[in-house]
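Working notes, structure below.
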Amino acid sequence: MRQAGVLDVGCHSALLTVVRRRPGSVLEPVFSRKVRLRLHETLDRKGRLDKVGMKSVERAVAEAVTAGPRLAGPEVFAFATSVIRDAPNRDEIIARVARATGTRLRVLTGEEEARLAYVAARQWAGPTVGQLLVLDIGGGTVEIASGTGDQPRVVHSLPLGARRITRDRLPGGTVPSRRRLAEVRQYLRESLEAVPGLPQAERGGRVLASSKTFEQLARLATAQSRTPRTQRLTLPQLRTAVSLLADATPSRRAKLPGISRHRAEQSLAGALIAQALMEACGAKSVEICPWSTREGLLLEHLGVAPTPVAGPRLVA
């Protein structure tokens, strides 16, 4: 029985996930350890992590790795998401973490994250699914992938993540004016319209949304409509959620059903991005998929999902 682990270092946490593969089972959880981070509070205007931020990454990686079961080096894939990948001092961060913990973080291209999210979503959806469109909202980027086979035909990674939009267009996540809200909507709409070959939802196909942003919006929408909890989010529900979040301060948003305290500030941006994405892709609703890039890596490392000949593409 093979085991594999992924250490995912993002803006809000460092998460070590270890799984194994049994006959008849795709991914069986073995161990999980999450260490909270608040890297968005340690970024300067240029997106650099300050010394406090770098130290917190060192501590989180060390804590997560030492808490987990011992695995051989090749069986653990440690990677950092866009908050570190896009930081001007990325190389310094990676070097410091490697010296302090013995773990060298790798960074994937945004397109590779989109591909892996697609791989995970297709495995989660089952073998009978045909046309598949996958939407994933991260902190720094948005990933979009579509196809009909094991690997996507089209992938996009766009600089429209919830943290980025909050920082650049909704500073502090505070209650925006109607004019500012309209400006953000227009910016997102025009940015997506400018993408060549943006995949569209197709009749008979499925649209899966795989991110914490979509998960929390679905929980909020369910609570507001007082319907049984569902793993689906519709455009009308999302528009209602946007209005609710736009009228609330970050502290009030954190008290809403489904919205976590550490994501409250960027929750409005996340909802606006989700709405713009669904409208641009012609999706009236999405299914919430709990698997994304992390699970895609695990599936490929365990040989459950076919890996492209070139393997994971790392950022130079």
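Every chain in the structure tokens has a letter given in the order shown (A, B, ...), and although residue numbers restart at 1 in each chain, ligands are simply numbered from 1 in the order shown.
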
Please report, as a Markdown table, each residue of region 3-33 of chain A lying at most 12 Å from region 155-179 of chain A, together with the nearest pair of atoms and the separation in Å rounded to one decimal; use only C-alpha atoms, and order rows by chain and ascending residue number.
| residue | atom | partner | partner_atom | distance |
| --- | --- | --- | --- | --- |
| A:Gly10 | CA | A:Arg163 | CA | 11.6 |
| A:Cys11 | CA | A:Arg163 | CA | 9.0 |
| A:His12 | CA | A:Arg163 | CA | 10.8 |

Per residue of region 38-87 of chain A within 12 Å of region 255-274 of chain A, what are the shortest atom pair and its distance in Å to one decimal, counting only C-alpha atoms, with rows by chain and residue number, as a tab-separated table?
residue	atom	partner	partner_atom	distance
A:Arg38	CA	A:His262	CA	7.7
A:Leu39	CA	A:His262	CA	10.6
A:His40	CA	A:His262	CA	9.9
A:Glu41	CA	A:His262	CA	10.6

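Checking A:Thr42, A:Ser211, A:Glu183, A:Leu277 one by one against Gly139 (chain A), counting only C-alpha atoms, you find the shortest gap at A:Ser211.
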
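Note that the spacing between CA of Leu43 (chain A) and CA of Ala87 (chain A) amounts to 8.7 Å.
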
*Tell me which protein, DNA and RNA residues are within 9 Å of Lys284 (chain A), counting only C-alpha atoms, leaving out same-chain ones fewer than 5 positions away, and put them as a VMD selection string.*
chain A and resid 201 233 to 236 278 to 279

With a distance cut-off of 12 Å and only C-alpha atoms, select the neighbouring residues of Gly102 (chain A), excluding the residue or stretch itself and same-chain residues fewer than 5 positions from it, and output the selection as an mmCIF file with N, CA, C and O atoms, in the first residue's frame.
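The new file around_36.cif reads:
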data_model
loop_
_atom_site.group_PDB
_atom_site.id
_atom_site.type_symbol
_atom_site.label_atom_id
_atom_site.label_comp_id
_atom_site.auth_asym_id
_atom_site.auth_seq_id
_atom_site.Cartn_x
_atom_site.Cartn_y
_atom_site.Cartn_z
ATOM 1 N N GLU A 58 8.454 29.508 8.024
ATOM 2 C CA GLU A 58 9.419 28.545 8.569
ATOM 3 C C GLU A 58 8.788 27.744 9.707
ATOM 4 O O GLU A 58 8.883 26.510 9.749
ATOM 5 N N VAL A 61 5.881 25.329 8.413
ATOM 6 C CA VAL A 61 6.393 24.161 7.696
ATOM 7 C C VAL A 61 7.022 23.172 8.666
ATOM 8 O O VAL A 61 6.771 21.964 8.607
ATOM 9 N N ALA A 62 7.823 23.672 9.587
ATOM 10 C CA ALA A 62 8.477 22.803 10.564
ATOM 11 C C ALA A 62 7.445 22.073 11.414
ATOM 12 O O ALA A 62 7.553 20.864 11.657
ATOM 13 N N VAL A 65 5.497 19.379 9.218
ATOM 14 C CA VAL A 65 6.310 18.233 8.813
ATOM 15 C C VAL A 65 6.648 17.335 10.001
ATOM 16 O O VAL A 65 6.573 16.106 9.909
ATOM 17 N N THR A 66 7.025 17.916 11.120
ATOM 18 C CA THR A 66 7.417 17.104 12.276
ATOM 19 C C THR A 66 6.228 16.393 12.908
ATOM 20 O O THR A 66 6.392 15.371 13.575
ATOM 21 N N GLY A 73 11.451 11.012 0.979
ATOM 22 C CA GLY A 73 11.437 12.313 0.317
ATOM 23 C C GLY A 73 10.602 12.382 -0.947
ATOM 24 O O GLY A 73 9.791 13.288 -1.124
ATOM 25 N N ALA A 78 6.141 19.185 -1.468
ATOM 26 C CA ALA A 78 5.893 20.420 -0.726
ATOM 27 C C ALA A 78 5.853 21.574 -1.720
ATOM 28 O O ALA A 78 6.816 21.796 -2.456
ATOM 29 N N ILE A 94 12.056 30.710 -0.057
ATOM 30 C CA ILE A 94 12.270 29.274 -0.252
ATOM 31 C C ILE A 94 13.598 28.837 0.352
ATOM 32 O O ILE A 94 13.690 27.784 1.006
ATOM 33 N N ALA A 95 14.637 29.638 0.160
ATOM 34 C CA ALA A 95 15.957 29.301 0.699
ATOM 35 C C ALA A 95 15.944 29.293 2.224
ATOM 36 O O ALA A 95 16.523 28.397 2.860
ATOM 37 N N ARG A 96 15.289 30.280 2.838
ATOM 38 C CA ARG A 96 15.234 30.348 4.302
ATOM 39 C C ARG A 96 14.476 29.157 4.876
ATOM 40 O O ARG A 96 14.887 28.571 5.890
ATOM 41 N N VAL A 97 13.364 28.791 4.249
ATOM 42 C CA VAL A 97 12.584 27.651 4.731
ATOM 43 C C VAL A 97 13.394 26.364 4.600
ATOM 44 O O VAL A 97 13.392 25.517 5.503
#

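Across the structure, CA of Pro199 (chain A) and CA of Leu302 (chain A) are spaced 29.3 Å apart.
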
Can you tell me which residues surround Thr293 (chain A) at a distance of at most 9 Å, considering only C-alpha atoms, apart from same-chain residues fewer than 3 positions away, and format the answer as a short mmCIF file (atom, residue, chain, number, x, y, z; two decimals) with all heavy atoms, in the first residue's frame?
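Okay, this is what ended up in part-v1.cif:
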data_model
loop_
_atom_site.label_atom_id
_atom_site.label_comp_id
_atom_site.auth_asym_id
_atom_site.auth_seq_id
_atom_site.Cartn_x
_atom_site.Cartn_y
_atom_site.Cartn_z
N GLU A 112 -0.29 24.98 -14.36
CA GLU A 112 -0.17 23.63 -13.81
C GLU A 112 -1.14 23.44 -12.65
O GLU A 112 -1.72 22.36 -12.48
CB GLU A 112 1.27 23.38 -13.35
CG GLU A 112 1.52 21.99 -12.79
CD GLU A 112 1.36 20.88 -13.82
OE1 GLU A 112 1.11 21.16 -15.01
OE2 GLU A 112 1.49 19.71 -13.43
N GLU A 113 -1.35 24.46 -11.84
CA GLU A 113 -2.36 24.37 -10.79
C GLU A 113 -3.74 24.14 -11.39
O GLU A 113 -4.54 23.36 -10.87
CB GLU A 113 -2.34 25.63 -9.92
CG GLU A 113 -1.12 25.74 -9.03
CD GLU A 113 -1.26 26.85 -7.99
OE1 GLU A 113 -2.35 27.41 -7.85
OE2 GLU A 113 -0.25 27.13 -7.32
N ALA A 114 -4.04 24.82 -12.50
CA ALA A 114 -5.32 24.64 -13.17
C ALA A 114 -5.46 23.20 -13.69
O ALA A 114 -6.52 22.58 -13.57
CB ALA A 114 -5.47 25.64 -14.32
N ARG A 115 -4.39 22.69 -14.29
CA ARG A 115 -4.43 21.31 -14.80
C ARG A 115 -4.68 20.30 -13.69
O ARG A 115 -5.50 19.39 -13.82
CB ARG A 115 -3.11 20.98 -15.52
CG ARG A 115 -3.11 19.60 -16.19
CD ARG A 115 -1.72 19.19 -16.63
NE ARG A 115 -0.84 18.87 -15.51
CZ ARG A 115 -0.87 17.70 -14.85
NH1 ARG A 115 -1.75 16.76 -15.18
NH2 ARG A 115 -0.05 17.48 -13.85
N LEU A 116 -3.97 20.47 -12.58
CA LEU A 116 -4.12 19.54 -11.46
C LEU A 116 -5.50 19.63 -10.83
O LEU A 116 -6.06 18.62 -10.40
CB LEU A 116 -3.03 19.80 -10.42
CG LEU A 116 -1.62 19.37 -10.85
CD1 LEU A 116 -0.57 20.02 -9.95
CD2 LEU A 116 -1.48 17.85 -10.82
N ALA A 117 -6.06 20.83 -10.76
CA ALA A 117 -7.43 20.98 -10.24
C ALA A 117 -8.41 20.23 -11.14
O ALA A 117 -9.36 19.60 -10.65
CB ALA A 117 -7.80 22.46 -10.15
N TYR A 118 -8.18 20.28 -12.44
CA TYR A 118 -9.03 19.56 -13.39
C TYR A 118 -8.90 18.05 -13.18
O TYR A 118 -9.90 17.32 -13.15
CB TYR A 118 -8.65 19.93 -14.82
CG TYR A 118 -9.36 19.14 -15.90
CD1 TYR A 118 -10.53 19.61 -16.47
CD2 TYR A 118 -8.84 17.92 -16.34
CE1 TYR A 118 -11.20 18.88 -17.45
CE2 TYR A 118 -9.50 17.19 -17.33
CZ TYR A 118 -10.67 17.67 -17.87
OH TYR A 118 -11.32 16.94 -18.84
N VAL A 119 -7.66 17.57 -13.06
CA VAL A 119 -7.41 16.13 -12.84
C VAL A 119 -8.16 15.65 -11.59
O VAL A 119 -8.81 14.60 -11.60
CB VAL A 119 -5.90 15.87 -12.70
CG1 VAL A 119 -5.63 14.46 -12.16
CG2 VAL A 119 -5.21 16.05 -14.05
N ALA A 120 -8.06 16.44 -10.52
CA ALA A 120 -8.73 16.07 -9.27
C ALA A 120 -10.25 16.08 -9.44
O ALA A 120 -10.94 15.16 -8.99
CB ALA A 120 -8.32 17.03 -8.16
N SER A 210 -13.97 24.40 -7.39
CA SER A 210 -13.12 23.75 -6.38
C SER A 210 -12.25 24.77 -5.68
O SER A 210 -11.12 25.02 -6.08
CB SER A 210 -12.24 22.68 -7.04
OG SER A 210 -11.48 23.24 -8.08
N GLY A 296 -5.03 16.65 -6.83
CA GLY A 296 -4.48 16.29 -8.13
C GLY A 296 -3.05 15.78 -8.03
O GLY A 296 -2.67 14.79 -8.67
N LEU A 297 -2.25 16.45 -7.21
CA LEU A 297 -0.87 16.00 -6.98
C LEU A 297 -0.85 14.61 -6.33
O LEU A 297 -0.07 13.73 -6.73
CB LEU A 297 -0.14 17.00 -6.08
CG LEU A 297 0.39 18.26 -6.75
CD1 LEU A 297 0.80 19.28 -5.70
CD2 LEU A 297 1.57 17.94 -7.66
N LEU A 298 -1.69 14.42 -5.32
CA LEU A 298 -1.74 13.13 -4.63
C LEU A 298 -2.15 12.01 -5.58
O LEU A 298 -1.56 10.92 -5.57
CB LEU A 298 -2.71 13.20 -3.45
CG LEU A 298 -2.24 14.03 -2.24
CD1 LEU A 298 -3.39 14.30 -1.29
CD2 LEU A 298 -1.10 13.32 -1.51
#

*asked:* Report as a ChimeraX atom specification all protein, DNA and RNA residues lying within 8 Å of Ala60 (chain A), evaluated on only C-alpha atoms, omitting residues in the same chain fewer than 4 positions from it.
replied: /A:13-14,35-37,56,64

Would you output that residue set with N, CA, C and O atoms, as a short mmCIF file (atom, residue, chain, number, x, y, z; two decimals), in the first residue's frame?
data_model
loop_
_atom_site.label_atom_id
_atom_site.label_comp_id
_atom_site.auth_asym_id
_atom_site.auth_seq_id
_atom_site.Cartn_x
_atom_site.Cartn_y
_atom_site.Cartn_z
N SER A 13 -2.77 29.03 5.50
CA SER A 13 -2.35 27.85 6.27
C SER A 13 -1.27 27.07 5.54
O SER A 13 -1.06 27.22 4.33
N ALA A 14 -0.59 26.24 6.32
CA ALA A 14 0.28 25.20 5.78
C ALA A 14 -0.39 23.88 6.12
O ALA A 14 -0.63 23.59 7.30
N VAL A 35 -1.60 24.15 9.97
CA VAL A 35 -1.04 25.21 10.81
C VAL A 35 -1.47 26.54 10.21
O VAL A 35 -1.19 26.81 9.04
N ARG A 36 -2.15 27.35 11.00
CA ARG A 36 -2.69 28.61 10.49
C ARG A 36 -1.60 29.62 10.17
O ARG A 36 -0.60 29.74 10.87
N LEU A 37 -1.82 30.36 9.08
CA LEU A 37 -0.95 31.46 8.68
C LEU A 37 -1.82 32.67 8.35
O LEU A 37 -2.99 32.53 8.02
N SER A 56 7.11 33.09 9.96
CA SER A 56 5.89 32.32 10.21
C SER A 56 5.79 31.13 9.25
O SER A 56 5.30 30.06 9.62
N ALA A 64 4.25 21.42 10.72
CA ALA A 64 3.45 20.47 9.95
C ALA A 64 4.24 19.20 9.64
O ALA A 64 3.74 18.08 9.80
#

*Tell me, which residues of region 101-149 of chain A carry DSSP alpha helix (DSSP H), written as an NGL selection string?*
:A and (101 or 110-125)

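Our summary of the geometry notes that CA of Glu63 (chain A) is positioned 28.9 Å from CA of Val304 (chain A).
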
*Identify, on the basis of only C-alpha atoms, every residue whose closest approach to Ile84 (chain A) does not exceed 9 Å; exclude the query and any residue fewer than 3 positions from it along the same chain; express the result as a list in words.*
Val9, Gly10, Cys11, Gly47, Arg48, Leu49, Ala80, Thr81, Ala87, Pro88, Asn89, Arg90, Ile93, Ile94 and Val107 of chain A

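Within region 95-280 of chain A, the backbone-based DSSP assignment of strand (DSSP E or B) covers A:Arg106, A:Val107, A:Leu108, A:Leu132, A:Leu133, A:Val134, A:Leu135, A:Asp136, A:Ile137, A:Val142, A:Glu143, A:Ile144, A:Ala145, A:Ser146, A:Gly147, A:Val154, A:Val155, A:His156, A:Ser157, A:Leu158, A:Arg206, A:Val207, A:Leu208, A:Ala209, A:Arg232, A:Leu233, A:Thr234.
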
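Between Val30 (chain A) and the residues A:Arg206, A:Arg122, A:Arg70, A:Arg232, the shortest atom-to-atom distance, using only C-alpha atoms, involves A:Arg70.
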
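Taking only C-alpha atoms into account, Val76 (chain A) lies nearest to A:Gly5 out of the set A:Pro290, A:Pro23, A:Gly5, A:Gly53.
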
*asked:* I'd like to know which of A:Val242, A:Leu314, A:Arg294, A:His301 is closest to Thr17 (chain A), using only C-alpha atoms.
replied: A:Arg294

_Residue nearest Arg59 (chain A) - candidates A:Val26, A:Ala276, A:Ala100, A:Ala241, atoms counted: only C-alpha atoms_ = A:Ala100
